[in-house]
Each structure stands twice: as C-alpha cells, then as structure tokens.
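Only one structure is covered here, and it is reproduced in the block below.
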Amino acid sequence: MADSGNGPLSGVRVVELAGIGPGPFAAMLLADLGADVVRVDRPGGAGLGIDPACDVTNRNKRSVMVDLKDPQGAARVLDLAERADVLIEGYRPGVAERLGVGPQECLARNPRLVYGRMTGWGQQGPLADTAGHDIGYIAITGALGMIGPPDGPPAVPANLVGDYAGGSLYLVIGVLAALQYARTEGGRGQVVDAAIVDGTAHLTAMIHGMLAAGGWQDRRGANLLDGGTPFYGTYETADGGYMAVGALEKRFYAEFVRLLGIEDDTPSRDDLAAWEELRTAIAARFKTRTREEWTAVFQESDACVAPVLSLREAPEHPHLAARGTFVDHGGLTQPAPAPRFSRTPGAVRTPPAQPGADTEDIARDWQIPSLAAGPACTEPQEADS
C-alpha cells in the first residue's frame, strides 16, 4: 500500500540550468520522482520555441529567472548550488566555466554537490567543442546504421535513442549513483560526464556480443531483431494501418500463424531460404483485413502481435488506459511518471513551470533572499549549448 505521494526523491534538491532536449527531460524524471527541481531560466527563453505551458518536460518543477551573463547571475546560481544536492547543465564544454558556474566554483561552495553534465559528444575528444544533434550522435555509435530496411536509408527514430535513452537516462543513473556515494560516510560530490555517444554505445552492448559470437550481421535488415526475420517486423493492413509482429519463440510463432490463418499454407520458419516466401504470405494475409479487425483477432493471445498506434491513439489503448500509463493534467494528455513505486509513488503534481514564476517561493523555501531581486536584465539571450 502506498505510504506517500511525494515520490522516493522527496527532499532532494536539484538545480537545472535551462536548456533543451535531454537535460530538461532528465530533470523532469527527477522531479516526477519527488525531487524539488528549480529550473534556472534565462531571459529570452532556452530556444525550444514552443509554448512553455505545453512543455511537459518542465512539469513538477519551479522556475527562477537568472541572467547568467550578468555579474550577479553567477552568484545567484552559486547560492542555489550551495543548498542543492544536484546541479544539471547541458552547455558545450567550457561554457559553464566561462559563466562562473562550473564544477570548480560549485563544488567549492558545496563539496557534496553532484554536478551533472549533459552533452552529445562529452567533455573531451575531437568533437567535444562542435555542435551536434541526436542524429549525429547515434550515427557514429553504429546505432542509427542498424535501423531501417536493407534496401533503403537508415530510419530516423525521432530523438528517442540518443537524446533520451543514451543521454537523459544515463545522466539520471549517474546522478543517482553519485548522490548515493556523496551521502555515504566520507563521500563527496563529483562531476558526472553524461555523453550521448557514450550512453548510446552502451545501449548496443548486447548487439556487440551477438556480433562477436557470429549471431549478428553488421548490416540492416538481416538479423533477428531488425526486421530481417519475417516474424519480427511490421505489416500493412487493408486500411493502411500497420500491425507489429514479434513472434520470435516457436510457441508464440505457432499461435501467430494459427490466428493469422496460414499455418498450413506456408513454409517452415526454420527454412531460411524460404523466408521471403513466408514474408510475402504474411504480408498478403494482413492486407485482407483492417488494423482494427486484426487487433481483435490477436487480442489477449500469446502471438505477440500489436497494432501500431499513433501518439494520439496510444492513450486510448485499453491496456494503457487500465494502467494509467497516460494522464491528463491541466488539460494536457501526457505520459505518467515511470517507473512505479509501491510506497513512494511519483505523480504529476504541477503543470509545466513558467519561466521565473516561482522566484519568490524559491527564495523563501531555499532561504536565498537575493533571488527575489529578479534578473539584472531581461534582454533575450542566445543559447550557449
């Protein structure tokens, strides 16, 4: 039975220097789990260009406005860092140092501070000082080259693989591990260098093992998990929808072909030479009914088949609706906090933080009266990351 609705990180204080992409998402995850996240917004915004009221990556946070290019700005951030457990920044290497809020300055004020750095290329290396985006990070790690059809270009998986899986989640893992160490007897704060290239490469560990063992070919669409097999991929339906098939194990495959209605009319799945014939038969059969009809056929079976839903359709799926995987808060439909905890569940407590809206409350709660003075200037700034 749940004991608290505040989340397992209740009492942890986090300072987030405003940016876009993986840094804010990591801070949102910490906030979802109960941390008191103060986002330090810059005059002019962080550059994402969407209505702040709709930016769900800023939910459960509070915001102060600080001009870090003003001499007083660094002092205000250092005051926050002195009272925080974690600080997250996503600038290019050297920018935080030039602004006076780098690790040396922050750890001097708070030796137990965990200083989390979120970048694409990392703090060192030939590309460290260059601009980049998710697609480039996953390109050089080999991850992008694995995704897509064998006779076409690599498929771009939005920014989920690099920014969020290889970046945000690894930053959160690193921050929590460092926080655990900092709170042990004799423990101290430290810098967490979370590079998207490192995290994305780490995600491919199993594939590298399979490659070394001869169980994976270093090309697209030729392997067990990349659409190379006819029983692990997507198929178009009569109405232009798609069904996702993942019938890898033989007992699940047997259920799949039985419900599909082709168990007596197709070659054995063990006959690799006949895979294209099998793929053609599966594709032809799926084209005979709509996505909704096939969804009903495979409903609650062990065939490992699911409809491919859009972002707007996903919240209405019966399983996700039953679990509350999506929630409505403040008029915004959004993913619920994850993972789940039996005693200290996370929750969407507040809507996306509005830049600078919580300055007085934070000045009071964190006992930093100077914050209430507000930013020294309000001229728009360009992003440093």
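Letters A, B, ... mark the chains of the structure tokens in the order given; residue numbers begin at 1 per chain; ligand numbers begin at 1, in order shown.
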
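Using only C-alpha atoms, the residues found no farther than 9 Å from Asp226 in chain A, other than those of its own chain fewer than 3 positions away, are Met146, Ile147, Gly148, Pro149, Arg220, Gly221, Ala222, Asn223, Thr229, Tyr232 and Gly233 of chain A.
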
Write out as a PyMOL selection string the residues lying within 10 Å of Ala35 in chain A, counting only C-alpha atoms and excluding same-chain residues fewer than 2 positions away.
-> chain A and resi 6-14+27-33+37-38+60-61+85-86+346

Based on the selection just made, write all heavy atoms of those residues as a short mmCIF file (atom, residue, chain, number, x, y, z; two decimals), in the first residue's frame.
```
data_model
loop_
_atom_site.label_atom_id
_atom_site.label_comp_id
_atom_site.auth_asym_id
_atom_site.auth_seq_id
_atom_site.Cartn_x
_atom_site.Cartn_y
_atom_site.Cartn_z
N ASN A 6 4.67 11.68 -2.60
CA ASN A 6 5.70 12.65 -2.92
C ASN A 6 6.84 12.09 -3.75
O ASN A 6 7.66 12.84 -4.25
CB ASN A 6 6.27 13.25 -1.62
CG ASN A 6 5.23 14.06 -0.85
OD1 ASN A 6 4.38 14.70 -1.45
ND2 ASN A 6 5.29 14.01 0.46
N GLY A 7 6.93 10.78 -3.87
CA GLY A 7 8.00 10.18 -4.66
C GLY A 7 9.21 9.86 -3.82
O GLY A 7 9.45 10.46 -2.77
N PRO A 8 10.03 8.89 -4.26
CA PRO A 8 11.17 8.44 -3.48
C PRO A 8 12.30 9.46 -3.37
O PRO A 8 13.18 9.32 -2.53
CB PRO A 8 11.65 7.19 -4.24
CG PRO A 8 11.16 7.38 -5.63
CD PRO A 8 9.85 8.11 -5.49
N LEU A 9 12.30 10.51 -4.20
CA LEU A 9 13.34 11.53 -4.13
C LEU A 9 12.87 12.77 -3.37
O LEU A 9 13.51 13.83 -3.44
CB LEU A 9 13.80 11.93 -5.53
CG LEU A 9 14.50 10.84 -6.34
CD1 LEU A 9 14.98 11.41 -7.67
CD2 LEU A 9 15.68 10.26 -5.57
N SER A 10 11.78 12.64 -2.63
CA SER A 10 11.31 13.77 -1.82
C SER A 10 12.42 14.23 -0.89
O SER A 10 13.05 13.43 -0.20
CB SER A 10 10.09 13.34 -1.00
OG SER A 10 9.63 14.40 -0.19
N GLY A 11 12.67 15.54 -0.87
CA GLY A 11 13.73 16.09 -0.04
C GLY A 11 15.02 16.36 -0.79
O GLY A 11 15.90 17.06 -0.28
N VAL A 12 15.16 15.79 -1.99
CA VAL A 12 16.35 16.03 -2.81
C VAL A 12 16.15 17.33 -3.58
O VAL A 12 15.12 17.54 -4.21
CB VAL A 12 16.59 14.86 -3.79
CG1 VAL A 12 17.73 15.20 -4.75
CG2 VAL A 12 16.91 13.59 -3.02
N ARG A 13 17.16 18.19 -3.53
CA ARG A 13 17.09 19.47 -4.22
C ARG A 13 17.96 19.44 -5.48
O ARG A 13 19.12 19.04 -5.42
CB ARG A 13 17.54 20.60 -3.31
CG ARG A 13 16.53 20.95 -2.22
CD ARG A 13 17.05 22.09 -1.35
NE ARG A 13 15.99 22.63 -0.49
CZ ARG A 13 16.16 23.63 0.37
NH1 ARG A 13 17.37 24.20 0.48
NH2 ARG A 13 15.16 24.06 1.11
N VAL A 14 17.36 19.87 -6.59
CA VAL A 14 18.06 19.84 -7.88
C VAL A 14 17.99 21.22 -8.52
O VAL A 14 16.92 21.84 -8.57
CB VAL A 14 17.41 18.82 -8.83
CG1 VAL A 14 18.11 18.83 -10.20
CG2 VAL A 14 17.46 17.42 -8.23
N ALA A 27 15.85 16.19 -15.82
CA ALA A 27 15.37 16.92 -14.65
C ALA A 27 13.90 16.64 -14.39
O ALA A 27 13.46 16.56 -13.24
CB ALA A 27 15.61 18.42 -14.84
N MET A 28 13.11 16.47 -15.46
CA MET A 28 11.70 16.11 -15.30
C MET A 28 11.57 14.76 -14.61
O MET A 28 10.72 14.58 -13.73
CB MET A 28 11.00 16.05 -16.65
CG MET A 28 9.53 15.67 -16.58
SD MET A 28 8.86 14.96 -18.10
CE MET A 28 9.60 13.31 -18.06
N LEU A 29 12.41 13.80 -15.01
CA LEU A 29 12.34 12.49 -14.39
C LEU A 29 12.63 12.58 -12.90
O LEU A 29 11.94 11.96 -12.07
CB LEU A 29 13.32 11.53 -15.07
CG LEU A 29 13.41 10.10 -14.55
CD1 LEU A 29 12.04 9.47 -14.45
CD2 LEU A 29 14.30 9.27 -15.46
N LEU A 30 13.63 13.36 -12.52
CA LEU A 30 13.93 13.54 -11.10
C LEU A 30 12.77 14.24 -10.39
O LEU A 30 12.41 13.88 -9.26
CB LEU A 30 15.22 14.36 -10.94
CG LEU A 30 16.49 13.71 -11.49
CD1 LEU A 30 17.66 14.70 -11.43
CD2 LEU A 30 16.85 12.45 -10.71
N ALA A 31 12.16 15.21 -11.06
CA ALA A 31 11.02 15.90 -10.47
C ALA A 31 9.82 14.98 -10.32
O ALA A 31 9.10 15.02 -9.31
CB ALA A 31 10.65 17.12 -11.32
N ASP A 32 9.59 14.14 -11.33
CA ASP A 32 8.49 13.17 -11.24
C ASP A 32 8.64 12.26 -10.04
O ASP A 32 7.66 11.79 -9.46
CB ASP A 32 8.44 12.30 -12.51
CG ASP A 32 7.87 13.03 -13.71
OD1 ASP A 32 7.36 14.16 -13.55
OD2 ASP A 32 7.93 12.46 -14.82
N LEU A 33 9.89 11.97 -9.68
CA LEU A 33 10.16 11.07 -8.57
C LEU A 33 10.21 11.80 -7.23
O LEU A 33 10.58 11.21 -6.22
CB LEU A 33 11.46 10.31 -8.81
CG LEU A 33 11.49 9.44 -10.07
CD1 LEU A 33 12.81 8.70 -10.19
CD2 LEU A 33 10.33 8.44 -10.07
N VAL A 37 12.90 20.38 -7.99
CA VAL A 37 13.73 20.83 -9.11
C VAL A 37 13.46 22.31 -9.38
O VAL A 37 12.33 22.70 -9.67
CB VAL A 37 13.46 20.01 -10.39
CG1 VAL A 37 14.26 20.56 -11.56
CG2 VAL A 37 13.79 18.54 -10.15
N VAL A 38 14.52 23.09 -9.27
CA VAL A 38 14.45 24.52 -9.59
C VAL A 38 15.14 24.73 -10.94
O VAL A 38 16.34 24.49 -11.07
CB VAL A 38 15.12 25.38 -8.50
CG1 VAL A 38 15.26 26.82 -8.98
CG2 VAL A 38 14.31 25.31 -7.22
N ASN A 60 6.23 19.58 -12.78
CA ASN A 60 6.72 19.25 -11.43
C ASN A 60 7.96 20.05 -11.04
O ASN A 60 8.64 19.70 -10.08
CB ASN A 60 7.02 17.75 -11.31
CG ASN A 60 5.77 16.90 -11.29
OD1 ASN A 60 4.69 17.38 -10.94
ND2 ASN A 60 5.90 15.65 -11.69
N LYS A 61 8.27 21.10 -11.78
CA LYS A 61 9.43 21.94 -11.47
C LYS A 61 8.96 23.33 -11.03
O LYS A 61 7.81 23.69 -11.18
CB LYS A 61 10.34 22.10 -12.71
CG LYS A 61 10.85 20.81 -13.32
CD LYS A 61 11.67 21.10 -14.57
CE LYS A 61 12.14 19.84 -15.26
NZ LYS A 61 12.90 20.12 -16.51
N ASP A 85 21.46 19.42 -3.81
CA ASP A 85 22.12 18.11 -3.83
C ASP A 85 22.68 17.81 -5.22
O ASP A 85 23.69 17.11 -5.35
CB ASP A 85 21.12 17.01 -3.45
CG ASP A 85 20.54 17.22 -2.07
OD1 ASP A 85 21.29 17.06 -1.10
OD2 ASP A 85 19.34 17.55 -1.98
N VAL A 86 22.01 18.33 -6.24
CA VAL A 86 22.36 18.03 -7.63
C VAL A 86 22.25 19.31 -8.46
O VAL A 86 21.35 20.13 -8.23
CB VAL A 86 21.41 16.97 -8.22
CG1 VAL A 86 21.71 16.72 -9.71
CG2 VAL A 86 21.49 15.67 -7.43
N GLY A 346 5.50 8.34 -7.65
CA GLY A 346 5.62 9.65 -8.24
C GLY A 346 4.27 10.10 -8.78
O GLY A 346 3.32 9.31 -8.86
#
```

List the neighbours of range 242-246 of chain A out to 7 Å using only C-alpha atoms; skip same-chain residues closer than 4 positions along the sequence, and give me the result as a PDB file with C-alpha atoms, in the first residue's frame.
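Contents of the output file selection.pdb:
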```pdb
ATOM      1  CA  PHE A 231       8.183 -12.968 -37.897  1.00  0.00           C
ATOM      2  CA  TYR A 232       9.663  -9.814 -36.321  1.00  0.00           C
ATOM      3  CA  GLY A 233       8.545  -6.677 -38.120  1.00  0.00           C
ATOM      4  CA  THR A 234       5.573  -4.631 -39.267  1.00  0.00           C
ATOM      5  CA  TYR A 235       2.897  -5.402 -41.861  1.00  0.00           C
ATOM      6  CA  GLU A 236       0.381  -3.149 -43.577  1.00  0.00           C
ATOM      7  CA  THR A 237      -3.323  -3.833 -43.173  1.00  0.00           C
ATOM      8  CA  ARG A 291      -5.967  -2.928 -38.360  1.00  0.00           C
ATOM      9  CA  CYS A 304       2.989 -11.218 -29.729  1.00  0.00           C
ATOM     10  CA  VAL A 305       1.121  -9.046 -32.228  1.00  0.00           C
ATOM     11  CA  ALA A 306       0.036  -5.473 -31.572  1.00  0.00           C
ATOM     12  CA  PRO A 307      -1.433  -2.583 -33.570  1.00  0.00           C
ATOM     13  CA  VAL A 308       0.934   0.263 -34.452  1.00  0.00           C
TER      14      VAL A 308
END
```

Where in range 141-368 of chain A does DSSP assign helix (DSSP H, G or I), given as a count of residues only?
-> 92

May I have the residues within 12 Å of Arg98 in chain A as a VMD selection string, using only C-alpha atoms and disregarding those fewer than 5 positions away in the same chain?
-> chain A and resid 68 to 71 74 91 to 93 103 to 105 384

Can you work out which one of A:Val175, A:Val197, A:Val192, A:Ala283 has the shortest atom-to-atom distance to Thr141 in chain A, counting only C-alpha atoms?
-> A:Val197

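All residues within range 121-208 of chain A that the backbone DSSP calculation assigns to strand (DSSP E or B) are A:Gln190, A:Val191, A:Val192, A:Asp193, A:Ala194, A:Ala195.
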
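CA of Ala303 in chain A to CA of Glu255 in chain A spans 5.1 Å [interatomic distance, one decimal].
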
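For the choices A:Glu292, A:Asp365, A:Asp328, A:Asp358, the atom-to-atom distance to Gly240 in chain A is smallest for A:Glu292 when using only C-alpha atoms.
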
Can you tell me, as an MDAnalysis selection string, what residues are no more than 12 Å from Ala84 in chain A when counting only C-alpha atoms, ignoring any on the same chain fewer than 2 positions away?
-> chainID A and resid 11:16 35:38 77:82 86:88 106:107 109:115 179 189 365:368

Within 7 Å of Trp121 in chain A, counting only C-alpha atoms, which residues qualify if same-chain residues fewer than 2 places away don't, as number ranges by chain?
-> A: 119, 123, 127-128, 195-197

Let's have the selection written as a PDB file, in the first residue's frame, with N, CA and C atoms.
```pdb
ATOM      1  N   THR A 119      25.920  16.365 -22.380  1.00  0.00           N
ATOM      2  CA  THR A 119      26.354  16.801 -23.705  1.00  0.00           C
ATOM      3  C   THR A 119      26.196  15.659 -24.697  1.00  0.00           C
ATOM      4  N   GLN A 123      32.772  15.665 -22.570  1.00  0.00           N
ATOM      5  CA  GLN A 123      33.608  16.786 -22.164  1.00  0.00           C
ATOM      6  C   GLN A 123      34.978  16.797 -22.851  1.00  0.00           C
ATOM      7  N   LEU A 127      35.546  16.029 -31.082  1.00  0.00           N
ATOM      8  CA  LEU A 127      34.283  16.682 -31.418  1.00  0.00           C
ATOM      9  C   LEU A 127      33.644  17.427 -30.252  1.00  0.00           C
ATOM     10  N   ALA A 128      34.293  17.433 -29.098  1.00  0.00           N
ATOM     11  CA  ALA A 128      33.671  17.948 -27.874  1.00  0.00           C
ATOM     12  C   ALA A 128      33.175  19.383 -28.013  1.00  0.00           C
ATOM     13  N   ALA A 195      27.635  11.683 -21.673  1.00  0.00           N
ATOM     14  CA  ALA A 195      27.704  11.973 -23.099  1.00  0.00           C
ATOM     15  C   ALA A 195      26.742  11.059 -23.840  1.00  0.00           C
ATOM     16  N   ILE A 196      25.984  11.619 -24.753  1.00  0.00           N
ATOM     17  CA  ILE A 196      25.018  10.820 -25.503  1.00  0.00           C
ATOM     18  C   ILE A 196      25.720   9.732 -26.298  1.00  0.00           C
ATOM     19  N   VAL A 197      26.902  10.024 -26.833  1.00  0.00           N
ATOM     20  CA  VAL A 197      27.620   8.987 -27.591  1.00  0.00           C
ATOM     21  C   VAL A 197      27.992   7.811 -26.688  1.00  0.00           C
TER      22      VAL A 197
END
```

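In this comparison, which uses only C-alpha atoms, the residue of A:Leu17, A:Val161, A:Ala205, A:Ala26 approaching Val64 in chain A most closely is A:Leu17.
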
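The closest residue to Gly23 in chain A, picked from A:Tyr164, A:Phe256, A:Trp275, A:Tyr137 and counting only C-alpha atoms, is A:Tyr164.
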
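Within 10 Å of Ala281 in chain A, once only C-alpha atoms are used and residues closer than 2 positions along the same chain are dropped, the contacting residues are Pro230, Ile262, Asp265, Thr266, Pro267, Trp275, Glu276, Glu277, Leu278, Arg279, Ala283, Ala284, Arg285 and Phe286 of chain A.
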
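The spacing separating CA of Phe298 in chain A from CA of Asp270 in chain A amounts to 23.1 Å.
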
Which residue, A:Leu225, A:Ile135, A:Ala273, A:Val56, has the smallest gap to Pro337 in chain A when you use only C-alpha atoms?
-> A:Val56

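As for CA of Thr130 in chain A and CA of Asp41 in chain A, they are spaced 23.6 Å apart.
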